[in-house]
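One structure is given below, encoded as structure tokens.
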Amino acid sequence: MIRFIASDLDGTLLLNGAQSVDSETLEAIAKLLKAGIYFGAASGRQITSLKRLFEPVSKDMVYIAENGALVAYKDKIIGKTPMDRDLALDIIEDVIERPNCEVLVSGEKTAYIKPKTKEYHHRMTEVVNYHTTIVDKFSDIDEDILKVAVCDLSGISNSRDHFFKNWEGKASIAVSGDLYLDFMDTKVNKGNAILQIQKFFNLSKSDCMAFGDNYNDITMLDNVKYSYVMEKAVSDIKKHGNYETDRVLNTLRERFPSILG
């Protein structure tokens, strides 16, 4: 029996560049929650942004935020794994020096930025609707750093190899979209977040379903029985799914006809 569902956002629950969850999907999530099935948003995004995205069902959801560096349910922290501070600051300097690259530094409730361009500031505050704090120096941040994200406005494919060469093995690195690459503590990934949730709710692998489309979803897909990969995902990702789907909502309706029919 499926008791927990996790879904990635960009390219999975949110298709074709959408930045909001459609009303049909929110209604379906509400019905699943009412039926006692936990629903989780699994994303590289901050938890504050995720809660805004899923109103009015946000208060009852599970959150795998910052690619798993922060896991929460009903304002209770299930897991929190910060980066080594000195390492994070070194990575930040590398990002700043890289052409076309902007940096986003995640705390628990806000993200810290020092925009090089108006385009990036607009993107983070208006397009993806992040709660942000502008800083003069990232070393002034006085809380745990959960994640350092790179936004390469020319496309992350132009910078991916540079960052992997410099930091692979020192941090967990995940490409999380066409423009983004994330750095976390080496113990952090969506799969470990799933394990934390399974322990918290006393769930088995066969109780869980997940949807994903990108490399940062692989460990999550591997830790559930009902693993769905989007049809448009590359073949490397599809190897980690037991099923394929074109739309999360369609699959939910097929799997839960008595609840969503």
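If you're wondering about the labels, chains in the structure tokens are A, B, ... by order shown, residues count from 1 in each chain, ligands from 1 in order shown.
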Excluding range 74-81 of chain A and residues on its chain fewer than 6 positions from it, collect all residues at most 10 Å away from it, counting only C-alpha atoms, and give them as number ranges by chain. A: 58-66, 68, 108, 144-147, 184-188, 192-193, 196-197, 199-200
Listing only residues of range 24-84 of chain A within 9 Å of range 247-250 of chain A, what is the closest atom pair and its distance in Å (to one decimal) for each, using only C-alpha atoms, sorted by chain and residue number ascending, as a Markdown table?
| residue | atom | partner | partner_atom | distance |
| --- | --- | --- | --- | --- |
| A:Glu24 | CA | A:Leu249 | CA | 8.1 |
| A:Thr25 | CA | A:Leu249 | CA | 6.2 |
| A:Ala28 | CA | A:Leu249 | CA | 7.7 |
Could you save those same residues with N, CA and C atoms as a PDB file, in the first residue's frame?
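After the write, selection-v5.pdb holds the following:
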ATOM      1  N   GLU A  24      -5.689  21.724 -10.532  1.00  0.00           N
ATOM      2  CA  GLU A  24      -6.065  20.305 -10.549  1.00  0.00           C
ATOM      3  C   GLU A  24      -5.114  19.479  -9.687  1.00  0.00           C
ATOM      4  N   THR A  25      -3.830  19.761  -9.806  1.00  0.00           N
ATOM      5  CA  THR A  25      -2.841  19.016  -9.028  1.00  0.00           C
ATOM      6  C   THR A  25      -2.962  19.334  -7.542  1.00  0.00           C
ATOM      7  N   ALA A  28      -5.834  17.434  -6.207  1.00  0.00           N
ATOM      8  CA  ALA A  28      -5.506  16.014  -6.052  1.00  0.00           C
ATOM      9  C   ALA A  28      -4.659  15.784  -4.806  1.00  0.00           C
TER      10      ALA A  28
END
Under the rule of at most 10 Å, produce a per-residue listing of range 2-26 of chain A near range 220-239 of chain A: chain, number, name, the closest pair of atoms, and the distance in Å, as a Markdown table, using only C-alpha atoms.
| residue | atom | partner | partner_atom | distance |
| --- | --- | --- | --- | --- |
| A:Ile2 | CA | A:Tyr226 | CA | 8.5 |
| A:Phe4 | CA | A:Val224 | CA | 9.6 |
| A:Ile5 | CA | A:Tyr226 | CA | 9.1 |
| A:Ala6 | CA | A:Met220 | CA | 8.6 |
| A:Ser7 | CA | A:Tyr228 | CA | 9.3 |
| A:Asp8 | CA | A:Met220 | CA | 9.5 |
| A:Gly11 | CA | A:Met230 | CA | 7.9 |
| A:Thr12 | CA | A:Met230 | CA | 6.5 |
| A:Leu13 | CA | A:Met230 | CA | 9.6 |
Give me the residues within 10 Å of Asp217 in chain A as a VMD selection string, counting only C-alpha atoms and dropping any in the same chain fewer than 4 places off. chain A and resid 7 to 8 42 to 43 67 174 to 176 189 to 191 210 to 213 221 to 222 229 237 240
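Reported to one decimal place, the separation of CA of Arg160 in chain A from CA of Leu181 in chain A is 7.4 Å.
Atom to atom, CA of Phe164 in chain A and CA of Val95 in chain A stand 12.0 Å apart.
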Restricting the calculation to only C-alpha atoms, which member of A:Lys114, A:His131, A:Lys137, A:Lys205 is positioned closest to Leu89 in chain A? A:Lys137
Set the distance at 9 Å and use only C-alpha atoms: which residues neighbour Ile91 in chain A once local chain neighbours fewer than 2 positions away are removed? I'd like the list as JSON, numbers by chain. {"A": [86, 87, 88, 89, 93, 94, 95, 96, 148, 163, 166, 167, 183]}
Can you list, as a VMD selection string, all residues belonging to range 72-153 of chain A that DSSP tags as helix (DSSP H, G or I)? chain A and resid 85 to 97 118 to 127 138 to 140
Identify, on the basis of only C-alpha atoms, every residue whose closest approach to range 151-156 of chain A does not exceed 8 Å; exclude the query and any residue fewer than 3 positions from it along the same chain; express the result as a ChimeraX atom specification. /A:100-104,120,159-160,175,177-181
What are the DSSP strand (DSSP E) residues of range 42-143 of chain A, as a PyMOL selection string? chain A and resi 42+62-65+70-73+76-80+101-106+111-113+132-134
Expected file: the selected residues, N, CA and C atoms, as a tab-separated table (two decimals), in the first residue's frame:
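Contents of result10.tsv, as written:
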chain	number	residue	atom	x	y	z
A	42	ALA	N	9.98	17.38	-3.41
A	42	ALA	CA	11.41	17.07	-3.34
A	42	ALA	C	12.15	17.93	-4.35
A	62	VAL	N	4.98	17.17	3.34
A	62	VAL	CA	6.36	16.87	3.69
A	62	VAL	C	7.26	17.63	2.72
A	63	TYR	N	8.40	18.11	3.21
A	63	TYR	CA	9.30	18.87	2.34
A	63	TYR	C	10.71	18.28	2.35
A	64	ILE	N	11.18	17.95	1.16
A	64	ILE	CA	12.59	17.63	0.94
A	64	ILE	C	13.15	18.85	0.22
A	65	ALA	N	13.71	19.78	0.99
A	65	ALA	CA	14.19	21.04	0.44
A	65	ALA	C	15.71	21.01	0.31
A	70	LEU	N	17.54	19.85	4.00
A	70	LEU	CA	16.53	20.17	5.00
A	70	LEU	C	15.27	19.36	4.71
A	71	VAL	N	14.84	18.57	5.67
A	71	VAL	CA	13.65	17.72	5.53
A	71	VAL	C	12.71	18.06	6.68
A	72	ALA	N	11.44	18.37	6.35
A	72	ALA	CA	10.52	18.84	7.39
A	72	ALA	C	9.10	18.36	7.12
A	73	TYR	N	8.32	18.31	8.21
A	73	TYR	CA	6.90	17.97	8.14
A	73	TYR	C	6.16	18.75	9.22
A	76	LYS	N	8.08	20.56	11.75
A	76	LYS	CA	9.03	19.76	12.52
A	76	LYS	C	10.19	19.38	11.61
A	77	ILE	N	11.42	19.62	12.04
A	77	ILE	CA	12.59	19.28	11.25
A	77	ILE	C	12.89	17.79	11.41
A	78	ILE	N	12.80	17.07	10.32
A	78	ILE	CA	13.12	15.64	10.31
A	78	ILE	C	14.63	15.45	10.15
A	79	GLY	N	15.24	16.28	9.33
A	79	GLY	CA	16.68	16.20	9.11
A	79	GLY	C	17.23	17.52	8.63
A	80	LYS	N	18.43	17.87	9.11
A	80	LYS	CA	19.11	19.10	8.68
A	80	LYS	C	20.60	18.81	8.63
A	101	CYS	N	28.25	33.31	-14.03
A	101	CYS	CA	27.73	32.54	-12.90
A	101	CYS	C	27.35	33.43	-11.72
A	102	GLU	N	26.20	33.15	-11.17
A	102	GLU	CA	25.71	33.80	-9.96
A	102	GLU	C	25.64	32.76	-8.85
A	103	VAL	N	25.67	33.21	-7.60
A	103	VAL	CA	25.65	32.29	-6.47
A	103	VAL	C	24.43	32.54	-5.60
A	104	LEU	N	23.90	31.45	-5.07
A	104	LEU	CA	22.78	31.48	-4.13
A	104	LEU	C	23.18	30.62	-2.94
A	105	VAL	N	23.14	31.20	-1.75
A	105	VAL	CA	23.56	30.49	-0.55
A	105	VAL	C	22.36	30.28	0.36
A	106	SER	N	22.05	29.04	0.66
A	106	SER	CA	20.81	28.72	1.38
A	106	SER	C	21.03	28.58	2.87
A	111	ALA	N	17.53	32.75	1.51
A	111	ALA	CA	18.68	32.50	0.64
A	111	ALA	C	19.43	33.81	0.46
A	112	TYR	N	20.74	33.74	0.54
A	112	TYR	CA	21.58	34.93	0.49
A	112	TYR	C	22.15	35.10	-0.92
A	113	ILE	N	22.05	36.32	-1.44
A	113	ILE	CA	22.54	36.60	-2.78
A	113	ILE	C	23.33	37.91	-2.80
A	132	THR	N	14.75	36.10	-0.29
A	132	THR	CA	16.18	36.36	-0.41
A	132	THR	C	16.63	37.48	0.52
A	133	THR	N	17.91	37.43	0.86
A	133	THR	CA	18.56	38.48	1.63
A	133	THR	C	19.84	38.86	0.91
A	134	ILE	N	19.99	40.13	0.57
A	134	ILE	CA	21.20	40.59	-0.11
A	134	ILE	C	22.29	40.86	0.92
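Distances from A:Asn242, A:Asn158, A:Ser258, A:Gln19 to Ile218 in chain A were compared using only C-alpha atoms, and the smallest one belongs to A:Asn242.
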One decimal, Å: what's the distance from CA of Tyr130 in chain A over to CA of Ser49 in chain A, could you say? 5.3 Å
